[in-house]
Amino acid sequence: MKTQSKLYLYITLSSILLFFIAVWSINTGVYDFGGKSAFEVLGKVITGDTDLSLSDKYIVWEVRASRIVMAIIIGSMLSVSGTSLQGLFRNPLATGDLIGLTAGATLMAAITIVLGGYFREYLPEAVQFSLVGIAAFVGSLLAMMLVYKISTSGGKTNVVMMLLSGVAITAIGFSIVGFLIFISKDDQLRDLTFWNMGSLAAATWTKNIILTVILIISYSILLPKGKALNAMMLGEKDAQHLGINVERLKKQIVIIVSLMVGSCVAFSGTIGFVGLIVPYILRLLFKSNYNFILPLSAIFGSVLLLTADTISRSIVAPSELPIGILTAMMGAPIFIAILLKFKKSI
């Protein structure tokens, strides 16, 4: 009970931190609200105050608020997906972007953007509306299945093989994306640039609703897996002796992580290293206790991405720095730190 109380305390404190960052984010921008703060304007929008200009309402609600919500959702899902993979494979380098999931999702999304015009009209209307999202999920799932098949032999997953196969799939994926960029038209080229550099500028409430549904489904399956992932740290055989259905756990995590990563890529493009940075920091604080790390990574992933997005749209205002550049700048030093730690342990 004491441990559970600590977890609730940490979740509460981190949620308060996220709230203050959201307030800072919604008040950050070049648009002038005529002496009012954007947070005040948002309050009037929520309460239905009619004494607001359409431009004020649009900027606060459709532009900033929707973007903040998307940053919170996508940051959370990327972080939890990285944490889940690291617990499953017992390796801090196992994240969606490092083992090829992001590349697979980006490749299928790029194929849909450039070549979708040849077959889109033959598909049902409901599929046409979310074709890029479906393609990104399929690409992510196929990449995960391929990595898992290459790196697993006799029921055991070789982590070195997993990382190397991820590097190979990423190289292949982005080389094909490069070819698609070469043959694409101007409007397709703009879309592909968005995917490769990552951005939350295309946030809408419709997309947020879709992402929220995916988040609820995914978290209802993943977040209770803390005990199982703790058991996996002992090894697969010991986890089985403790009553964990290892193969079922692997399939669940692989499919759900592919769904989350594919959805994030579909709506925000390639945003790397979020699933590496947050779990690494949380492990420094809580060792490898996934009962703490999993739920907290859901919140701190939101904190990280929302902070990075707010900086990206204000540091060179009124222009916008692609958010993928910022997360890569933060993630690369942590990646090197993990490698150096492994070097000392060899």
# chains A, B, ... in the order shown; residues from 1 in each chain; ligands from 1
call {"tool": "residues_around", "arguments": {"residues": "Ile214 in chain A", "least_positions_apart": "4", "cutoff": "8 Å", "atoms": "only C-alpha atoms", "output": "ChimeraX atom specification"}}
result
/A:210,218,259-260
call {"tool": "residues_around", "arguments": {"residues": "range 327-330 of chain A", "least_positions_apart": "5", "cutoff": "9 Å", "atoms": "only C-alpha atoms", "output": "compact mmCIF listing (two decimals) with C-alpha atoms, in the first residue's frame"}}
result
# COMPACT_ATOMS: atom_id res chain seq x y z
CA ILE A 271 9.63 12.14 -34.04
CA GLY A 272 12.54 10.16 -32.67
CA PHE A 273 14.14 9.44 -29.30
CA VAL A 274 11.12 10.18 -27.07
CA ILE A 277 14.91 9.65 -23.27
CA LEU A 304 8.94 16.09 -22.89
CA LEU A 305 7.15 16.40 -26.21
CA ALA A 308 9.97 20.41 -27.12
call {"tool": "residues_around", "arguments": {"residues": "Leu189 in chain A", "least_positions_apart": "6", "cutoff": "9 Å", "atoms": "only C-alpha atoms", "output": "list in words"}}
result
Val114, Leu180, Ile181, Phe182 and Ile183 of chain A
call {"tool": "write_last_selection", "arguments": {"atoms": "N, CA and C atoms", "output": "short mmCIF file (atom, residue, chain, number, x, y, z; two decimals), in the first residue's frame"}}
result
data_model
loop_
_atom_site.label_atom_id
_atom_site.label_comp_id
_atom_site.auth_asym_id
_atom_site.auth_seq_id
_atom_site.Cartn_x
_atom_site.Cartn_y
_atom_site.Cartn_z
N VAL A 114 2.67 9.16 -52.12
CA VAL A 114 3.17 9.33 -53.48
C VAL A 114 2.40 8.48 -54.49
N LEU A 180 11.30 7.90 -53.26
CA LEU A 180 9.95 8.45 -53.42
C LEU A 180 9.97 9.98 -53.42
N ILE A 181 10.86 10.56 -52.62
CA ILE A 181 11.02 12.02 -52.63
C ILE A 181 11.51 12.48 -54.01
N PHE A 182 12.41 11.70 -54.60
CA PHE A 182 12.97 12.04 -55.91
C PHE A 182 11.91 12.07 -57.00
N ILE A 183 10.94 11.13 -56.94
CA ILE A 183 9.94 11.03 -58.01
C ILE A 183 8.64 11.77 -57.67
#
call {"tool": "residues_around", "arguments": {"residues": "range 146-153 of chain A", "least_positions_apart": "3", "cutoff": "7 Å", "atoms": "only C-alpha atoms", "output": "MDAnalysis selection string"}}
result
chainID A and resid 142:143 156:158 161:162 165:166
call {"tool": "write_last_selection", "arguments": {"atoms": "C-alpha atoms", "output": "PDB file, in the first residue's frame"}}
result
ATOM      1  CA  LEU A 142       5.527  -5.529 -40.634  1.00  0.00           C
ATOM      2  CA  ALA A 143       8.820  -3.956 -39.490  1.00  0.00           C
ATOM      3  CA  LYS A 156      15.194 -16.581 -27.631  1.00  0.00           C
ATOM      4  CA  THR A 157      15.642 -13.021 -28.854  1.00  0.00           C
ATOM      5  CA  ASN A 158      19.202 -11.889 -29.553  1.00  0.00           C
ATOM      6  CA  MET A 161      20.687  -9.008 -33.769  1.00  0.00           C
ATOM      7  CA  MET A 162      17.522  -7.076 -33.001  1.00  0.00           C
ATOM      8  CA  SER A 165      18.297  -5.732 -38.027  1.00  0.00           C
ATOM      9  CA  GLY A 166      16.560  -2.534 -36.913  1.00  0.00           C
TER      10      GLY A 166
END
call {"tool": "closest_atom_pairs", "arguments": {"of": "range 217-275 of chain A", "to": "range 282-300 of chain A", "cutoff": "7 Å", "atoms": "only C-alpha atoms", "output": "JSON lines"}}
result
{"residue": "A:Leu223", "atom": "CA", "partner": "A:Leu294", "partner_atom": "CA", "distance": 6.2}
{"residue": "A:Gly226", "atom": "CA", "partner": "A:Asn291", "partner_atom": "CA", "distance": 4.4}
{"residue": "A:Lys227", "atom": "CA", "partner": "A:Asn291", "partner_atom": "CA", "distance": 6.3}
{"residue": "A:Leu229", "atom": "CA", "partner": "A:Tyr290", "partner_atom": "CA", "distance": 6.4}
{"residue": "A:Asn230", "atom": "CA", "partner": "A:Tyr290", "partner_atom": "CA", "distance": 6.0}
call {"tool": "write_last_selection", "arguments": {"atoms": "C-alpha atoms", "output": "short mmCIF file (atom, residue, chain, number, x, y, z; two decimals), in the first residue's frame"}}
result
data_model
loop_
_atom_site.label_atom_id
_atom_site.label_comp_id
_atom_site.auth_asym_id
_atom_site.auth_seq_id
_atom_site.Cartn_x
_atom_site.Cartn_y
_atom_site.Cartn_z
CA LEU A 223 -0.25 -0.30 -18.32
CA GLY A 226 4.26 -3.69 -15.02
CA LYS A 227 4.42 -6.89 -12.95
CA LEU A 229 7.74 -6.79 -17.34
CA ASN A 230 9.41 -6.90 -13.92
#
call {"tool": "closest_residue", "arguments": {"among": "A:Lys57, A:Phe89, A:Asp49, A:Met77", "to": "Leu234 in chain A", "atoms": "only C-alpha atoms"}}
result
A:Phe89
call {"tool": "select_by_dssp", "arguments": {"residues": "range 203-259 of chain A", "states": "helix (DSSP H, G or I)", "output": "ChimeraX atom specification"}}
result
/A:205-232,236-241,246-259
call {"tool": "write_last_selection", "arguments": {"atoms": "C-alpha atoms", "output": "PDB file, in the first residue's frame"}}
result
ATOM      1  CA  TRP A 205      -9.611  17.723 -32.935  1.00  0.00           C
ATOM      2  CA  THR A 206     -10.688  14.887 -35.252  1.00  0.00           C
ATOM      3  CA  LYS A 207      -7.162  13.470 -35.194  1.00  0.00           C
ATOM      4  CA  ASN A 208      -7.016  13.916 -31.426  1.00  0.00           C
ATOM      5  CA  ILE A 209     -10.218  11.908 -30.991  1.00  0.00           C
ATOM      6  CA  ILE A 210      -8.780   9.061 -33.085  1.00  0.00           C
ATOM      7  CA  LEU A 211      -5.511   9.146 -31.120  1.00  0.00           C
ATOM      8  CA  THR A 212      -7.410   9.205 -27.813  1.00  0.00           C
ATOM      9  CA  VAL A 213      -9.353   6.057 -28.756  1.00  0.00           C
ATOM     10  CA  ILE A 214      -6.085   4.300 -29.698  1.00  0.00           C
ATOM     11  CA  LEU A 215      -4.468   5.494 -26.446  1.00  0.00           C
ATOM     12  CA  ILE A 216      -7.330   4.187 -24.281  1.00  0.00           C
ATOM     13  CA  ILE A 217      -7.321   0.772 -25.991  1.00  0.00           C
ATOM     14  CA  SER A 218      -3.519   0.493 -25.864  1.00  0.00           C
ATOM     15  CA  TYR A 219      -3.123   1.606 -22.254  1.00  0.00           C
ATOM     16  CA  SER A 220      -5.882  -0.693 -21.019  1.00  0.00           C
ATOM     17  CA  ILE A 221      -3.660  -3.548 -22.231  1.00  0.00           C
ATOM     18  CA  LEU A 222      -0.134  -2.209 -21.608  1.00  0.00           C
ATOM     19  CA  LEU A 223      -0.246  -0.298 -18.321  1.00  0.00           C
ATOM     20  CA  PRO A 224      -1.232  -3.344 -16.213  1.00  0.00           C
ATOM     21  CA  LYS A 225       1.849  -5.191 -17.568  1.00  0.00           C
ATOM     22  CA  GLY A 226       4.256  -3.690 -15.020  1.00  0.00           C
ATOM     23  CA  LYS A 227       4.423  -6.886 -12.953  1.00  0.00           C
ATOM     24  CA  ALA A 228       4.923  -9.030 -16.060  1.00  0.00           C
ATOM     25  CA  LEU A 229       7.744  -6.790 -17.344  1.00  0.00           C
ATOM     26  CA  ASN A 230       9.405  -6.903 -13.919  1.00  0.00           C
ATOM     27  CA  ALA A 231       9.319 -10.697 -14.176  1.00  0.00           C
ATOM     28  CA  MET A 232      10.795 -10.516 -17.700  1.00  0.00           C
ATOM     29  CA  GLU A 236      12.015 -15.627 -20.055  1.00  0.00           C
ATOM     30  CA  LYS A 237      12.317 -18.994 -18.276  1.00  0.00           C
ATOM     31  CA  ASP A 238      12.069 -17.453 -14.815  1.00  0.00           C
ATOM     32  CA  ALA A 239       9.119 -15.340 -15.968  1.00  0.00           C
ATOM     33  CA  GLN A 240       7.341 -18.504 -17.143  1.00  0.00           C
ATOM     34  CA  HIS A 241       7.983 -20.150 -13.781  1.00  0.00           C
ATOM     35  CA  VAL A 246       5.722 -14.982 -22.260  1.00  0.00           C
ATOM     36  CA  GLU A 247       4.674 -15.618 -25.865  1.00  0.00           C
ATOM     37  CA  ARG A 248       1.284 -14.012 -25.311  1.00  0.00           C
ATOM     38  CA  LEU A 249       2.964 -11.031 -23.633  1.00  0.00           C
ATOM     39  CA  LYS A 250       5.322 -10.632 -26.606  1.00  0.00           C
ATOM     40  CA  LYS A 251       2.485 -10.710 -29.146  1.00  0.00           C
ATOM     41  CA  GLN A 252       0.400  -8.208 -27.175  1.00  0.00           C
ATOM     42  CA  ILE A 253       3.256  -5.724 -26.773  1.00  0.00           C
ATOM     43  CA  VAL A 254       4.421  -6.071 -30.391  1.00  0.00           C
ATOM     44  CA  ILE A 255       0.933  -5.464 -31.825  1.00  0.00           C
ATOM     45  CA  ILE A 256      -0.015  -2.623 -29.461  1.00  0.00           C
ATOM     46  CA  VAL A 257       3.343  -0.850 -29.829  1.00  0.00           C
ATOM     47  CA  SER A 258       3.063  -1.148 -33.621  1.00  0.00           C
ATOM     48  CA  LEU A 259      -0.419   0.387 -33.431  1.00  0.00           C
TER      49      LEU A 259
END
call {"tool": "select_by_dssp", "arguments": {"residues": "range 97-168 of chain A", "states": "strand (DSSP E or B)", "output": "list in words"}}
result
Thr152, Ser153, Lys156 and Thr157 of chain A
call {"tool": "write_last_selection", "arguments": {"atoms": "C-alpha atoms", "output": "JSON list (two decimals), in the first residue's frame"}}
result
[["chain", "number", "residue", "atom", "x", "y", "z"],
["A", 152, "THR", "CA", 14.69, -14.66, -32.57],
["A", 153, "SER", "CA", 15.95, -18.23, -32.75],
["A", 156, "LYS", "CA", 15.19, -16.58, -27.63],
["A", 157, "THR", "CA", 15.64, -13.02, -28.85]]
call {"tool": "residues_around", "arguments": {"residues": "range 60-62 of chain A", "least_positions_apart": "6", "cutoff": "7 Å", "atoms": "only C-alpha atoms", "output": "list in words"}}
result
Ala38, Leu42 and Thr204 of chain A
call {"tool": "write_last_selection", "arguments": {"atoms": "all heavy atoms", "output": "compact mmCIF listing (two decimals), in the first residue's frame"}}
result
# COMPACT_ATOMS: atom_id res chain seq x y z
N ALA A 38 -3.81 33.98 -23.38
CA ALA A 38 -4.48 32.93 -24.16
C ALA A 38 -5.24 31.98 -23.24
O ALA A 38 -6.28 31.43 -23.63
CB ALA A 38 -3.45 32.16 -24.98
N LEU A 42 -9.07 30.88 -23.60
CA LEU A 42 -9.46 29.47 -23.64
C LEU A 42 -10.60 29.20 -22.64
O LEU A 42 -11.55 28.47 -22.96
CB LEU A 42 -8.26 28.57 -23.32
CG LEU A 42 -8.55 27.07 -23.27
CD1 LEU A 42 -9.01 26.56 -24.63
CD2 LEU A 42 -7.31 26.30 -22.81
N THR A 204 -5.55 18.47 -35.40
CA THR A 204 -6.97 18.82 -35.43
C THR A 204 -7.66 18.02 -34.33
O THR A 204 -7.13 17.01 -33.84
CB THR A 204 -7.63 18.46 -36.78
OG1 THR A 204 -7.59 17.04 -36.96
CG2 THR A 204 -6.91 19.14 -37.94
call {"tool": "closest_residue", "arguments": {"among": "A:Trp24, A:Tyr58, A:Phe179, A:Phe33", "to": "Leu306 in chain A", "atoms": "only C-alpha atoms"}}
result
A:Trp24
call {"tool": "residues_around", "arguments": {"residues": "Val138 in chain A", "least_positions_apart": "3", "cutoff": "8 Å", "atoms": "only C-alpha atoms", "output": "ChimeraX atom specification"}}
result
/A:105,108,134-135,141-142,262
call {"tool": "closest_residue", "arguments": {"among": "A:Gly75, A:Gly82, A:Gly139, A:Gly34", "to": "Gly275 in chain A", "atoms": "only C-alpha atoms"}}
result
A:Gly82
call {"tool": "closest_residue", "arguments": {"among": "A:Phe267, A:Tyr8, A:Tyr118, A:Tyr31", "to": "Pro318 in chain A", "atoms": "only C-alpha atoms"}}
result
A:Tyr31
call {"tool": "atom_distance", "arguments": {"atom1": "CA of Ser199 in chain A", "atom2": "CA of Val167 in chain A"}}
result
23.3 Å
call {"tool": "closest_residue", "arguments": {"among": "A:Ala317, A:Ile113, A:Ile73, A:Met144", "to": "Thr28 in chain A", "atoms": "only C-alpha atoms"}}
result
A:Ala317
call {"tool": "closest_residue", "arguments": {"among": "A:Leu276, A:Ile281, A:Ile26, A:Met233", "to": "Leu88 in chain A", "atoms": "only C-alpha atoms"}}
result
A:Met233
call {"tool": "decode", "arguments": {"residues": "range 102-130 of chain A", "atoms": "N, CA, C and O atoms", "output": "CSV table (one decimal), in the first residue's frame"}}
result
chain,number,residue,atom,x,y,z
A,102,THR,N,9.6,3.0,-36.7
A,102,THR,CA,9.3,4.3,-37.2
A,102,THR,C,9.6,4.3,-38.7
A,102,THR,O,8.8,4.9,-39.5
A,103,ALA,N,10.7,3.7,-39.1
A,103,ALA,CA,11.1,3.6,-40.5
A,103,ALA,C,10.0,2.9,-41.3
A,103,ALA,O,9.7,3.3,-42.4
A,104,GLY,N,9.5,1.8,-40.8
A,104,GLY,CA,8.5,1.0,-41.5
A,104,GLY,C,7.2,1.8,-41.6
A,104,GLY,O,6.6,1.8,-42.7
A,105,ALA,N,6.8,2.5,-40.6
A,105,ALA,CA,5.6,3.3,-40.6
A,105,ALA,C,5.8,4.5,-41.6
A,105,ALA,O,4.9,4.8,-42.4
A,106,THR,N,6.9,5.1,-41.6
A,106,THR,CA,7.2,6.2,-42.5
A,106,THR,C,7.2,5.8,-43.9
A,106,THR,O,6.7,6.5,-44.8
A,107,LEU,N,7.8,4.6,-44.2
A,107,LEU,CA,7.9,4.1,-45.5
A,107,LEU,C,6.5,3.9,-46.1
A,107,LEU,O,6.2,4.3,-47.2
A,108,MET,N,5.6,3.2,-45.4
A,108,MET,CA,4.3,2.9,-45.9
A,108,MET,C,3.5,4.2,-46.0
A,108,MET,O,2.7,4.3,-47.0
A,109,ALA,N,3.7,5.1,-45.1
A,109,ALA,CA,3.0,6.4,-45.2
A,109,ALA,C,3.4,7.1,-46.5
A,109,ALA,O,2.6,7.7,-47.2
A,110,ALA,N,4.7,7.1,-46.7
A,110,ALA,CA,5.3,7.7,-47.9
A,110,ALA,C,4.8,7.1,-49.2
A,110,ALA,O,4.5,7.8,-50.2
A,111,ILE,N,4.7,5.8,-49.2
A,111,ILE,CA,4.2,5.1,-50.4
A,111,ILE,C,2.8,5.5,-50.7
A,111,ILE,O,2.4,5.7,-51.8
A,112,THR,N,2.0,5.6,-49.6
A,112,THR,CA,0.6,6.0,-49.7
A,112,THR,C,0.5,7.4,-50.3
A,112,THR,O,-0.4,7.7,-51.1
A,113,ILE,N,1.3,8.3,-49.8
A,113,ILE,CA,1.3,9.7,-50.2
A,113,ILE,C,1.6,9.9,-51.7
A,113,ILE,O,0.9,10.6,-52.4
A,114,VAL,N,2.7,9.2,-52.1
A,114,VAL,CA,3.2,9.3,-53.5
A,114,VAL,C,2.4,8.5,-54.5
A,114,VAL,O,2.1,8.9,-55.6
A,115,LEU,N,2.1,7.2,-54.1
A,115,LEU,CA,1.5,6.3,-55.1
A,115,LEU,C,0.0,6.1,-54.8
A,115,LEU,O,-0.7,5.3,-55.5
A,116,GLY,N,-0.5,6.7,-53.7
A,116,GLY,CA,-1.9,6.4,-53.3
A,116,GLY,C,-2.9,6.8,-54.4
A,116,GLY,O,-4.0,6.2,-54.5
A,117,GLY,N,-2.6,7.8,-55.2
A,117,GLY,CA,-3.5,8.2,-56.2
A,117,GLY,C,-3.9,7.1,-57.3
A,117,GLY,O,-4.9,7.2,-57.9
A,118,TYR,N,-3.0,6.1,-57.4
A,118,TYR,CA,-3.3,5.0,-58.4
A,118,TYR,C,-4.3,4.0,-57.9
A,118,TYR,O,-4.9,3.3,-58.7
A,119,PHE,N,-4.5,3.9,-56.6
A,119,PHE,CA,-5.4,2.9,-56.1
A,119,PHE,C,-6.4,3.4,-55.0
A,119,PHE,O,-7.3,2.6,-54.6
A,120,ARG,N,-6.3,4.6,-54.6
A,120,ARG,CA,-7.1,5.1,-53.5
A,120,ARG,C,-8.6,5.1,-53.9
A,120,ARG,O,-9.5,4.7,-53.1
A,121,GLU,N,-9.0,5.4,-55.2
A,121,GLU,CA,-10.4,5.4,-55.6
A,121,GLU,C,-11.0,4.1,-55.6
A,121,GLU,O,-12.3,4.0,-55.6
A,122,TYR,N,-10.2,3.0,-55.6
A,122,TYR,CA,-10.8,1.6,-55.6
A,122,TYR,C,-11.1,1.1,-54.2
A,122,TYR,O,-11.7,0.1,-54.0
A,123,LEU,N,-10.8,1.9,-53.2
A,123,LEU,CA,-11.0,1.5,-51.8
A,123,LEU,C,-12.3,2.1,-51.2
A,123,LEU,O,-12.7,3.1,-51.7
A,124,PRO,N,-12.8,1.5,-50.2
A,124,PRO,CA,-14.0,2.0,-49.6
A,124,PRO,C,-13.8,3.4,-49.0
A,124,PRO,O,-12.6,3.7,-48.6
A,125,GLU,N,-14.8,4.2,-49.0
A,125,GLU,CA,-14.6,5.6,-48.6
A,125,GLU,C,-14.0,5.8,-47.1
A,125,GLU,O,-13.2,6.6,-46.9
A,126,ALA,N,-14.5,4.9,-46.2
A,126,ALA,CA,-14.0,4.9,-44.9
A,126,ALA,C,-12.5,4.6,-44.8
A,126,ALA,O,-11.8,5.2,-44.0
A,127,VAL,N,-12.0,3.8,-45.7
A,127,VAL,CA,-10.6,3.4,-45.7
A,127,VAL,C,-9.8,4.6,-46.4
A,127,VAL,O,-8.7,4.9,-45.9
A,128,GLN,N,-10.4,5.2,-47.4
A,128,GLN,CA,-9.7,6.4,-48.0
A,128,GLN,C,-9.4,7.5,-47.0
A,128,GLN,O,-8.3,8.1,-47.1
A,129,PHE,N,-10.3,7.7,-46.1
A,129,PHE,CA,-10.2,8.8,-45.1
A,129,PHE,C,-9.0,8.6,-44.2
A,129,PHE,O,-8.3,9.6,-43.9
A,130,SER,N,-8.7,7.4,-43.9
A,130,SER,CA,-7.6,7.1,-42.9
A,130,SER,C,-6.6,6.2,-43.5
A,130,SER,O,-5.9,5.4,-42.8
